[in-house]
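Trainee: If you scroll down you'll find the structure; I have some questions about it.
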Amino acid sequence: MEIITEKDSSYNHLESMSVKEILENINKEDKTVPDAVEKALPQIEQLALVTAAKMKEGGRLFYIGAGTSGRLGIVDASECPPTFGVPFDWVVGIIAGGDTAIRKAVEFAEDDTEQAWIDLQQFQISEKDVLVGLAASGTTPYVIGGLKKANEHCIVTGCIVCNQGSPVAAVSKYPVEVVVGAEFLSGSTRMKSGTAQKLVLNMLSTSVMIQLGRVKGNKMVDMQLTNHKLFKRGVRIVMMETGLDEQAASVLLEQHGGVRKAIDSVLLSS
């Protein structure tokens, strides 16, 4: 297969560019990413539909990846509980090399074809769940091994990759292939490829949570009130949904401890 993510950049002599030229050219390349994502929307839709269906039946969503891809999965997973009020183990991100690899690269961790399945066993992954492999190149052994084992255990598998016809996509039942082309800095997949994966992850988790009823209108009614900023946001949502003034909404939110419960208490009593 042709590994487009490793192709030589269309730009050369980067060190001779002015900072302005570097930034303009990076921005020029970044603008192409949403178009590449758009082409993959049918694939993203299929993965989002099957994921929501499995989660409605009690399943969970797992991400596995290495390096930037693994970190992006962890970011998306960690943001689901505060945003949608779901339990911390509904969406799980796992990175090759373990938590140490979140901050510091762990040498050769991504080359182990057996470790992903070992890591997943800590969470008792089963056929109820969905496993999504994240790999910009689509060739990461850690991800391939995990997806293969999941298939053997009748677990729904998907992936988000940035090359067509990759080994990762080949072992995924629901592959998402976002081909963004060569990077500005040759082979630096933390750039356009990472941006593409982040966009798809945003789409996947948000669309799934909406299907699970974790959004009302366009509001995060199940959000966790874990700091003053979020409490104030909760107050504003209650105000908009009920017509109460700020003081009344604040009191109600304090009383019920959650945006949805506060709104429902007003709507049910009216």
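Chain identifiers are assigned as A, B, and so on, following the order in which chains appear in the structure tokens; residues are numbered from 1 within each chain, and ligands are numbered from 1 in order of appearance.
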Which residues are close to range 185-200 of chain A, i.e. within 8 Å by only C-alpha atoms, leaving aside same-chain residues fewer than 3 positions away? Reply as a VMD selection string.
Mentor: chain A and resid 5 to 9 29 to 30 33 to 34 36 to 37 44 68 to 69 72 134 136 160 to 162 178 180 182 203 to 204
Trainee: Near Val75 in chain A, within 12 Å and counting only C-alpha atoms, which residues show up once chain neighbours fewer than 6 positions away are dropped, as a list in words?
Mentor: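 Non-adjacent residues within range: Tyr63, Ile64, Gly65, Thr68, Ser69, Pro81, Pro82, Val91, Val92, Gly93, Ile94, Ile95, Ile102, Gln197, Lys198, Leu201, Asn202 and Ser205 of chain A.
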Trainee: Okay, now the selection with N, CA and C atoms, as a PDB file, in the first residue's frame?
Mentor:
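Contents of again_1.pdb, as written:
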```pdb
ATOM      1  N   TYR A  63     -11.230   3.143  22.755  1.00  0.00           N
ATOM      2  CA  TYR A  63     -10.256   3.606  21.779  1.00  0.00           C
ATOM      3  C   TYR A  63      -8.899   3.003  22.118  1.00  0.00           C
ATOM      4  N   ILE A  64      -8.182   2.531  21.113  1.00  0.00           N
ATOM      5  CA  ILE A  64      -6.792   2.124  21.324  1.00  0.00           C
ATOM      6  C   ILE A  64      -5.934   2.806  20.261  1.00  0.00           C
ATOM      7  N   GLY A  65      -4.739   3.221  20.670  1.00  0.00           N
ATOM      8  CA  GLY A  65      -3.838   3.867  19.728  1.00  0.00           C
ATOM      9  C   GLY A  65      -2.475   4.058  20.345  1.00  0.00           C
ATOM     10  N   THR A  68       0.425  10.092  19.153  1.00  0.00           N
ATOM     11  CA  THR A  68      -0.598  11.132  19.031  1.00  0.00           C
ATOM     12  C   THR A  68      -1.993  10.541  18.958  1.00  0.00           C
ATOM     13  N   SER A  69      -2.161   9.484  18.185  1.00  0.00           N
ATOM     14  CA  SER A  69      -3.479   8.863  18.036  1.00  0.00           C
ATOM     15  C   SER A  69      -4.006   8.373  19.381  1.00  0.00           C
ATOM     16  N   PRO A  81     -17.388  12.199  30.257  1.00  0.00           N
ATOM     17  CA  PRO A  81     -18.090  12.322  31.533  1.00  0.00           C
ATOM     18  C   PRO A  81     -18.455  13.756  31.917  1.00  0.00           C
ATOM     19  N   PRO A  82     -17.530  14.731  31.869  1.00  0.00           N
ATOM     20  CA  PRO A  82     -17.931  16.087  32.241  1.00  0.00           C
ATOM     21  C   PRO A  82     -18.896  16.733  31.251  1.00  0.00           C
ATOM     22  N   VAL A  91     -16.763   5.425  28.045  1.00  0.00           N
ATOM     23  CA  VAL A  91     -15.842   5.651  26.926  1.00  0.00           C
ATOM     24  C   VAL A  91     -14.431   5.582  27.497  1.00  0.00           C
ATOM     25  N   VAL A  92     -13.638   4.663  26.983  1.00  0.00           N
ATOM     26  CA  VAL A  92     -12.320   4.382  27.550  1.00  0.00           C
ATOM     27  C   VAL A  92     -11.229   4.545  26.496  1.00  0.00           C
ATOM     28  N   GLY A  93     -10.215   5.334  26.802  1.00  0.00           N
ATOM     29  CA  GLY A  93      -9.080   5.505  25.911  1.00  0.00           C
ATOM     30  C   GLY A  93      -7.859   4.774  26.440  1.00  0.00           C
ATOM     31  N   ILE A  94      -7.210   3.990  25.599  1.00  0.00           N
ATOM     32  CA  ILE A  94      -6.029   3.221  25.991  1.00  0.00           C
ATOM     33  C   ILE A  94      -4.897   3.530  25.028  1.00  0.00           C
ATOM     34  N   ILE A  95      -3.721   3.804  25.575  1.00  0.00           N
ATOM     35  CA  ILE A  95      -2.568   4.150  24.747  1.00  0.00           C
ATOM     36  C   ILE A  95      -1.460   3.113  24.916  1.00  0.00           C
ATOM     37  N   ILE A 102       1.292   8.960  27.868  1.00  0.00           N
ATOM     38  CA  ILE A 102       0.488  10.157  27.633  1.00  0.00           C
ATOM     39  C   ILE A 102       1.390  11.389  27.581  1.00  0.00           C
ATOM     40  N   GLN A 197      -8.181  13.232  12.855  1.00  0.00           N
ATOM     41  CA  GLN A 197      -8.652  12.259  13.843  1.00  0.00           C
ATOM     42  C   GLN A 197      -9.441  12.946  14.954  1.00  0.00           C
ATOM     43  N   LYS A 198      -8.965  14.106  15.386  1.00  0.00           N
ATOM     44  CA  LYS A 198      -9.680  14.852  16.424  1.00  0.00           C
ATOM     45  C   LYS A 198     -11.071  15.254  15.939  1.00  0.00           C
ATOM     46  N   LEU A 201     -13.258  12.154  15.943  1.00  0.00           N
ATOM     47  CA  LEU A 201     -13.591  11.776  17.323  1.00  0.00           C
ATOM     48  C   LEU A 201     -14.674  12.692  17.888  1.00  0.00           C
ATOM     49  N   ASN A 202     -14.563  13.991  17.615  1.00  0.00           N
ATOM     50  CA  ASN A 202     -15.611  14.923  18.043  1.00  0.00           C
ATOM     51  C   ASN A 202     -16.964  14.505  17.487  1.00  0.00           C
ATOM     52  N   SER A 205     -18.159  10.791  19.113  1.00  0.00           N
ATOM     53  CA  SER A 205     -18.651  10.789  20.498  1.00  0.00           C
ATOM     54  C   SER A 205     -19.862  11.702  20.669  1.00  0.00           C
TER      55      SER A 205
END
```
Trainee: When you look at Arg103 in chain A with a cut-off of 12 Å (counting only C-alpha atoms), what residues show up, excluding the ones that are within fewer than 5 positions of it in the same chain? I need them as an NGL selection string.
Mentor: :A and (67-68 or 70-71 or 74 or 95 or 97-98)
Trainee: Next, write the just-selected residues to a file, as a PDB file, in the first residue's frame, keeping C-alpha atoms as the atom set.
Mentor:
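Result file follows (part.pdb):
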```
ATOM      1  CA  GLY A  67       1.508   8.200  20.178  1.00  0.00           C
ATOM      2  CA  THR A  68      -0.598  11.132  19.031  1.00  0.00           C
ATOM      3  CA  GLY A  70      -3.554   7.233  21.463  1.00  0.00           C
ATOM      4  CA  ARG A  71      -3.453  10.593  23.208  1.00  0.00           C
ATOM      5  CA  ILE A  74      -7.722   9.511  25.742  1.00  0.00           C
ATOM      6  CA  ILE A  95      -2.568   4.150  24.747  1.00  0.00           C
ATOM      7  CA  GLY A  97       2.847   2.077  26.700  1.00  0.00           C
ATOM      8  CA  GLY A  98       0.244   2.871  29.356  1.00  0.00           C
TER       9      GLY A  98
END
```
Trainee: For each of A:Ala135, A:Cys80, A:Ile4, A:Leu230, take the minimum atom-to-atom distance to Gln164 in chain A, counting only C-alpha atoms, then give the residue where this is smallest.
Mentor: A:Ile4
Trainee: For range 92-134 of chain A against range 48-57 of chain A, with a cut-off of 10 Å and counting only C-alpha atoms, what is the closest atom pair and its distance in Å to one decimal for every residue that makes the cut, ordered by chain and number, as CSV?
Mentor:
```
residue,atom,partner,partner_atom,distance
A:Glu127,CA,A:Lys54,CA,9.2
A:Lys128,CA,A:Lys54,CA,6.3
A:Asp129,CA,A:Lys54,CA,6.4
A:Val130,CA,A:Thr51,CA,6.2
A:Leu131,CA,A:Thr51,CA,9.1
A:Val132,CA,A:Thr51,CA,9.7
```
Trainee: Restricting the calculation to only C-alpha atoms: of A:Ile155, A:Val19, A:Ile118, A:Ala66, which residue gets closest to Pro141 in chain A?
Mentor: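 Nearest to Pro141 in chain A: A:Ala66.
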Trainee: Using only C-alpha atoms, pick whichever of A:Gly234, A:Gly158, A:Gly258, A:Pro87 has the shortest atom-to-atom distance to Leu47 in chain A.
Mentor: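 The shortest atom-to-atom distance to Leu47 in chain A comes from A:Gly158.
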Trainee: Let me make sure I understand: among A:Asp89, A:Glu79, A:Val266, A:Gly145, which one has the smallest atom-to-atom distance to Asp111 in chain A if we use only C-alpha atoms?
Mentor: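 Of all the options, A:Gly145 lies closest to Asp111 in chain A.
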Trainee: One number please: CA of Cys159 in chain A to CA of Pro175 in chain A, in Å, one decimal.
Mentor: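 Taking CA of Cys159 in chain A and CA of Pro175 in chain A, their separation equals 4.8 Å.
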Trainee: Report as a PyMOL selection string: the residues of range 84-211 of chain A with a DSSP assignment of helix (DSSP H, G or I), based on the backbone of this structure.
Mentor: chain A and resi 84+100-103+109-111+115-121+141-152+167-170+192-211
Trainee: Could you save the residues just selected, with N, CA and C atoms, as a short mmCIF file (atom, residue, chain, number, x, y, z; two decimals), in the first residue's frame?
Mentor:
```cif
data_model
loop_
_atom_site.label_atom_id
_atom_site.label_comp_id
_atom_site.auth_asym_id
_atom_site.auth_seq_id
_atom_site.Cartn_x
_atom_site.Cartn_y
_atom_site.Cartn_z
N PHE A 84 -21.13 15.08 29.07
CA PHE A 84 -22.41 14.39 28.92
C PHE A 84 -22.91 13.70 30.19
N THR A 100 2.06 6.30 31.21
CA THR A 100 3.34 7.00 31.04
C THR A 100 3.45 7.60 29.65
N ALA A 101 2.91 6.92 28.66
CA ALA A 101 3.02 7.35 27.27
C ALA A 101 2.17 8.57 26.95
N ILE A 102 1.29 8.96 27.87
CA ILE A 102 0.49 10.16 27.63
C ILE A 102 1.39 11.39 27.58
N ARG A 103 2.41 11.40 28.44
CA ARG A 103 3.31 12.55 28.52
C ARG A 103 4.66 12.32 27.86
N ALA A 109 6.64 0.65 22.11
CA ALA A 109 5.38 0.17 22.68
C ALA A 109 4.37 -0.14 21.58
N GLU A 110 4.39 0.64 20.50
CA GLU A 110 3.40 0.45 19.44
C GLU A 110 3.69 -0.77 18.58
N ASP A 111 4.86 -1.38 18.75
CA ASP A 111 5.24 -2.51 17.91
C ASP A 111 4.80 -3.86 18.46
N GLN A 115 -0.05 -6.64 23.14
CA GLN A 115 -0.29 -5.84 24.34
C GLN A 115 -1.66 -5.17 24.37
N ALA A 116 -2.18 -4.76 23.24
CA ALA A 116 -3.48 -4.09 23.24
C ALA A 116 -4.57 -4.97 23.83
N TRP A 117 -4.57 -6.23 23.44
CA TRP A 117 -5.59 -7.14 23.97
C TRP A 117 -5.38 -7.36 25.46
N ILE A 118 -4.14 -7.43 25.89
CA ILE A 118 -3.84 -7.55 27.33
C ILE A 118 -4.37 -6.32 28.06
N ASP A 119 -4.13 -5.15 27.49
CA ASP A 119 -4.61 -3.91 28.11
C ASP A 119 -6.13 -3.88 28.18
N LEU A 120 -6.79 -4.36 27.15
CA LEU A 120 -8.25 -4.35 27.12
C LEU A 120 -8.86 -5.32 28.13
N GLN A 121 -8.13 -6.37 28.47
CA GLN A 121 -8.64 -7.35 29.44
C GLN A 121 -8.84 -6.74 30.82
N PRO A 141 1.20 -1.90 14.70
CA PRO A 141 1.00 -3.29 15.15
C PRO A 141 0.15 -3.41 16.42
N TYR A 142 0.34 -2.51 17.37
CA TYR A 142 -0.44 -2.52 18.62
C TYR A 142 -1.93 -2.48 18.31
N VAL A 143 -2.31 -1.60 17.39
CA VAL A 143 -3.72 -1.44 17.03
C VAL A 143 -4.23 -2.62 16.22
N ILE A 144 -3.43 -3.06 15.26
CA ILE A 144 -3.82 -4.21 14.43
C ILE A 144 -4.07 -5.44 15.29
N GLY A 145 -3.16 -5.70 16.21
CA GLY A 145 -3.30 -6.86 17.09
C GLY A 145 -4.55 -6.80 17.94
N GLY A 146 -4.84 -5.62 18.48
CA GLY A 146 -6.02 -5.46 19.31
C GLY A 146 -7.31 -5.67 18.53
N LEU A 147 -7.36 -5.12 17.33
CA LEU A 147 -8.56 -5.26 16.49
C LEU A 147 -8.76 -6.71 16.05
N LYS A 148 -7.69 -7.39 15.71
CA LYS A 148 -7.80 -8.79 15.30
C LYS A 148 -8.39 -9.64 16.43
N LYS A 149 -7.87 -9.45 17.63
CA LYS A 149 -8.37 -10.22 18.77
C LYS A 149 -9.84 -9.89 19.03
N ALA A 150 -10.19 -8.63 18.91
CA ALA A 150 -11.58 -8.22 19.14
C ALA A 150 -12.50 -8.90 18.13
N ASN A 151 -12.06 -8.96 16.88
CA ASN A 151 -12.86 -9.64 15.86
C ASN A 151 -13.07 -11.11 16.21
N GLU A 152 -12.03 -11.73 16.73
CA GLU A 152 -12.12 -13.14 17.12
C GLU A 152 -13.15 -13.34 18.23
N PRO A 167 -3.65 -1.81 6.68
CA PRO A 167 -3.87 -3.03 7.46
C PRO A 167 -4.87 -2.82 8.60
N VAL A 168 -4.85 -1.64 9.22
CA VAL A 168 -5.80 -1.36 10.31
C VAL A 168 -7.23 -1.35 9.76
N ALA A 169 -7.44 -0.70 8.63
CA ALA A 169 -8.78 -0.67 8.03
C ALA A 169 -9.22 -2.07 7.61
N ALA A 170 -8.27 -2.87 7.17
CA ALA A 170 -8.59 -4.21 6.69
C ALA A 170 -9.14 -5.10 7.80
N LYS A 192 -1.81 17.47 10.25
CA LYS A 192 -3.10 17.30 9.58
C LYS A 192 -3.80 15.99 9.96
N SER A 193 -3.04 14.93 10.05
CA SER A 193 -3.64 13.63 10.40
C SER A 193 -4.24 13.68 11.80
N GLY A 194 -3.50 14.26 12.74
CA GLY A 194 -4.01 14.38 14.10
C GLY A 194 -5.25 15.26 14.16
N THR A 195 -5.23 16.34 13.38
CA THR A 195 -6.40 17.22 13.32
C THR A 195 -7.61 16.47 12.77
N ALA A 196 -7.39 15.70 11.73
CA ALA A 196 -8.48 14.92 11.14
C ALA A 196 -9.06 13.93 12.14
N GLN A 197 -8.18 13.23 12.85
CA GLN A 197 -8.65 12.26 13.84
C GLN A 197 -9.44 12.95 14.95
N LYS A 198 -8.97 14.11 15.39
CA LYS A 198 -9.68 14.85 16.42
C LYS A 198 -11.07 15.25 15.94
N LEU A 199 -11.18 15.72 14.70
CA LEU A 199 -12.48 16.10 14.16
C LEU A 199 -13.43 14.91 14.11
N VAL A 200 -12.92 13.77 13.69
CA VAL A 200 -13.77 12.57 13.61
C VAL A 200 -14.18 12.11 15.00
N LEU A 201 -13.26 12.15 15.94
CA LEU A 201 -13.59 11.78 17.32
C LEU A 201 -14.67 12.69 17.89
N ASN A 202 -14.56 13.99 17.62
CA ASN A 202 -15.61 14.92 18.04
C ASN A 202 -16.96 14.50 17.49
N MET A 203 -16.97 14.18 16.20
CA MET A 203 -18.22 13.78 15.54
C MET A 203 -18.77 12.49 16.12
N LEU A 204 -17.88 11.52 16.30
CA LEU A 204 -18.31 10.20 16.76
C LEU A 204 -18.92 10.27 18.16
N SER A 205 -18.16 10.79 19.11
CA SER A 205 -18.65 10.79 20.50
C SER A 205 -19.86 11.70 20.67
N THR A 206 -19.86 12.86 20.01
CA THR A 206 -21.00 13.78 20.16
C THR A 206 -22.26 13.21 19.54
N SER A 207 -22.16 12.65 18.34
CA SER A 207 -23.34 12.09 17.69
C SER A 207 -23.87 10.88 18.45
N VAL A 208 -22.96 10.10 19.02
CA VAL A 208 -23.39 8.94 19.82
C VAL A 208 -24.12 9.41 21.07
N MET A 209 -23.57 10.40 21.76
CA MET A 209 -24.21 10.88 22.99
C MET A 209 -25.56 11.52 22.72
N ILE A 210 -25.68 12.19 21.58
CA ILE A 210 -26.99 12.74 21.22
C ILE A 210 -27.99 11.61 21.01
N GLN A 211 -27.55 10.54 20.33
CA GLN A 211 -28.43 9.38 20.12
C GLN A 211 -28.81 8.72 21.44
#
```
Trainee: When DSSP is applied to the backbone of this structure, which of range 49-194 of chain A are assigned strand (DSSP E or B)? Write them out as a list in words.
Mentor: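 So the strand (DSSP E or B) residues in range 49-194 of chain A would be Leu61, Phe62, Tyr63, Ile64, Gly65, Val91, Val92, Gly93, Ile94, Ile95, Val130, Leu131, Val132, Gly133, Leu134, Ala135, Val156, Thr157, Gly158, Cys159, Ile160, Val161, Tyr174, Pro175, Val176 and Glu177 of chain A.
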Trainee: Kindly save the residues from that selection, with N, CA and C atoms included, as a PDB file, in the first residue's frame.
Mentor:
```pdb
ATOM      1  N   LEU A  61     -17.609   2.122  24.678  1.00  0.00           N
ATOM      2  CA  LEU A  61     -16.782   2.487  23.537  1.00  0.00           C
ATOM      3  C   LEU A  61     -15.327   2.553  23.975  1.00  0.00           C
ATOM      4  N   PHE A  62     -14.476   1.804  23.286  1.00  0.00           N
ATOM      5  CA  PHE A  62     -13.042   1.787  23.592  1.00  0.00           C
ATOM      6  C   PHE A  62     -12.256   2.368  22.428  1.00  0.00           C
ATOM      7  N   TYR A  63     -11.230   3.143  22.755  1.00  0.00           N
ATOM      8  CA  TYR A  63     -10.256   3.606  21.779  1.00  0.00           C
ATOM      9  C   TYR A  63      -8.899   3.003  22.118  1.00  0.00           C
ATOM     10  N   ILE A  64      -8.182   2.531  21.113  1.00  0.00           N
ATOM     11  CA  ILE A  64      -6.792   2.124  21.324  1.00  0.00           C
ATOM     12  C   ILE A  64      -5.934   2.806  20.261  1.00  0.00           C
ATOM     13  N   GLY A  65      -4.739   3.221  20.670  1.00  0.00           N
ATOM     14  CA  GLY A  65      -3.838   3.867  19.728  1.00  0.00           C
ATOM     15  C   GLY A  65      -2.475   4.058  20.345  1.00  0.00           C
ATOM     16  N   VAL A  91     -16.763   5.425  28.045  1.00  0.00           N
ATOM     17  CA  VAL A  91     -15.842   5.651  26.926  1.00  0.00           C
ATOM     18  C   VAL A  91     -14.431   5.582  27.497  1.00  0.00           C
ATOM     19  N   VAL A  92     -13.638   4.663  26.983  1.00  0.00           N
ATOM     20  CA  VAL A  92     -12.320   4.382  27.550  1.00  0.00           C
ATOM     21  C   VAL A  92     -11.229   4.545  26.496  1.00  0.00           C
ATOM     22  N   GLY A  93     -10.215   5.334  26.802  1.00  0.00           N
ATOM     23  CA  GLY A  93      -9.080   5.505  25.911  1.00  0.00           C
ATOM     24  C   GLY A  93      -7.859   4.774  26.440  1.00  0.00           C
ATOM     25  N   ILE A  94      -7.210   3.990  25.599  1.00  0.00           N
ATOM     26  CA  ILE A  94      -6.029   3.221  25.991  1.00  0.00           C
ATOM     27  C   ILE A  94      -4.897   3.530  25.028  1.00  0.00           C
ATOM     28  N   ILE A  95      -3.721   3.804  25.575  1.00  0.00           N
ATOM     29  CA  ILE A  95      -2.568   4.150  24.747  1.00  0.00           C
ATOM     30  C   ILE A  95      -1.460   3.113  24.916  1.00  0.00           C
ATOM     31  N   VAL A 130     -17.717  -1.796  21.735  1.00  0.00           N
ATOM     32  CA  VAL A 130     -17.186  -1.376  20.435  1.00  0.00           C
ATOM     33  C   VAL A 130     -15.729  -0.964  20.634  1.00  0.00           C
ATOM     34  N   LEU A 131     -14.865  -1.413  19.743  1.00  0.00           N
ATOM     35  CA  LEU A 131     -13.446  -1.063  19.804  1.00  0.00           C
ATOM     36  C   LEU A 131     -13.056  -0.297  18.552  1.00  0.00           C
ATOM     37  N   VAL A 132     -12.518   0.908  18.744  1.00  0.00           N
ATOM     38  CA  VAL A 132     -12.076   1.746  17.626  1.00  0.00           C
ATOM     39  C   VAL A 132     -10.562   1.917  17.696  1.00  0.00           C
ATOM     40  N   GLY A 133      -9.892   1.506  16.642  1.00  0.00           N
ATOM     41  CA  GLY A 133      -8.447   1.653  16.577  1.00  0.00           C
ATOM     42  C   GLY A 133      -8.074   2.978  15.929  1.00  0.00           C
ATOM     43  N   LEU A 134      -7.161   3.690  16.556  1.00  0.00           N
ATOM     44  CA  LEU A 134      -6.717   4.989  16.048  1.00  0.00           C
ATOM     45  C   LEU A 134      -5.275   4.863  15.583  1.00  0.00           C
ATOM     46  N   ALA A 135      -5.042   5.121  14.304  1.00  0.00           N
ATOM     47  CA  ALA A 135      -3.688   5.007  13.760  1.00  0.00           C
ATOM     48  C   ALA A 135      -3.618   5.819  12.478  1.00  0.00           C
ATOM     49  N   VAL A 156     -17.573  -5.568  17.928  1.00  0.00           N
ATOM     50  CA  VAL A 156     -17.645  -4.623  16.819  1.00  0.00           C
ATOM     51  C   VAL A 156     -16.359  -3.792  16.785  1.00  0.00           C
ATOM     52  N   THR A 157     -15.746  -3.712  15.619  1.00  0.00           N
ATOM     53  CA  THR A 157     -14.494  -2.969  15.486  1.00  0.00           C
ATOM     54  C   THR A 157     -14.615  -1.866  14.434  1.00  0.00           C
ATOM     55  N   GLY A 158     -13.940  -0.768  14.711  1.00  0.00           N
ATOM     56  CA  GLY A 158     -13.871   0.347  13.776  1.00  0.00           C
ATOM     57  C   GLY A 158     -12.481   0.947  13.851  1.00  0.00           C
ATOM     58  N   CYS A 159     -12.217   1.928  13.026  1.00  0.00           N
ATOM     59  CA  CYS A 159     -10.922   2.591  13.077  1.00  0.00           C
ATOM     60  C   CYS A 159     -11.017   3.991  12.495  1.00  0.00           C
ATOM     61  N   ILE A 160     -10.039   4.810  12.818  1.00  0.00           N
ATOM     62  CA  ILE A 160      -9.882   6.125  12.198  1.00  0.00           C
ATOM     63  C   ILE A 160      -8.440   6.197  11.730  1.00  0.00           C
ATOM     64  N   VAL A 161      -8.255   6.151  10.412  1.00  0.00           N
ATOM     65  CA  VAL A 161      -6.917   6.158   9.814  1.00  0.00           C
ATOM     66  C   VAL A 161      -6.840   7.243   8.749  1.00  0.00           C
ATOM     67  N   TYR A 174     -15.852  -1.463  10.614  1.00  0.00           N
ATOM     68  CA  TYR A 174     -16.361  -0.140  10.273  1.00  0.00           C
ATOM     69  C   TYR A 174     -15.199   0.852  10.175  1.00  0.00           C
ATOM     70  N   PRO A 175     -14.433   0.787   9.085  1.00  0.00           N
ATOM     71  CA  PRO A 175     -13.280   1.675   8.954  1.00  0.00           C
ATOM     72  C   PRO A 175     -13.679   3.095   8.559  1.00  0.00           C
ATOM     73  N   VAL A 176     -12.966   4.051   9.103  1.00  0.00           N
ATOM     74  CA  VAL A 176     -13.095   5.451   8.696  1.00  0.00           C
ATOM     75  C   VAL A 176     -11.729   5.874   8.163  1.00  0.00           C
ATOM     76  N   GLU A 177     -11.686   6.230   6.879  1.00  0.00           N
ATOM     77  CA  GLU A 177     -10.428   6.582   6.232  1.00  0.00           C
ATOM     78  C   GLU A 177     -10.484   8.045   5.784  1.00  0.00           C
TER      79      GLU A 177
END
```
Trainee: Might you pull out every residue within 8 Å of Val259 in chain A, with only C-alpha atoms counted and same-chain residues fewer than 2 positions away left off, and present them as JSON, numbers by chain?
Mentor: {"A": [221, 222, 223, 234, 235, 237, 238, 253, 256, 257, 261, 262, 263]}
Trainee: Extract, using only C-alpha atoms, all DNA, RNA and protein residues at most 10 Å from Asn25 in chain A, discarding same-chain residues fewer than 6 positions from it, and format them as a list in words.
Mentor: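 Everything that qualifies: Tyr11, Met17, Val19, Lys31 and Phe184 of chain A.
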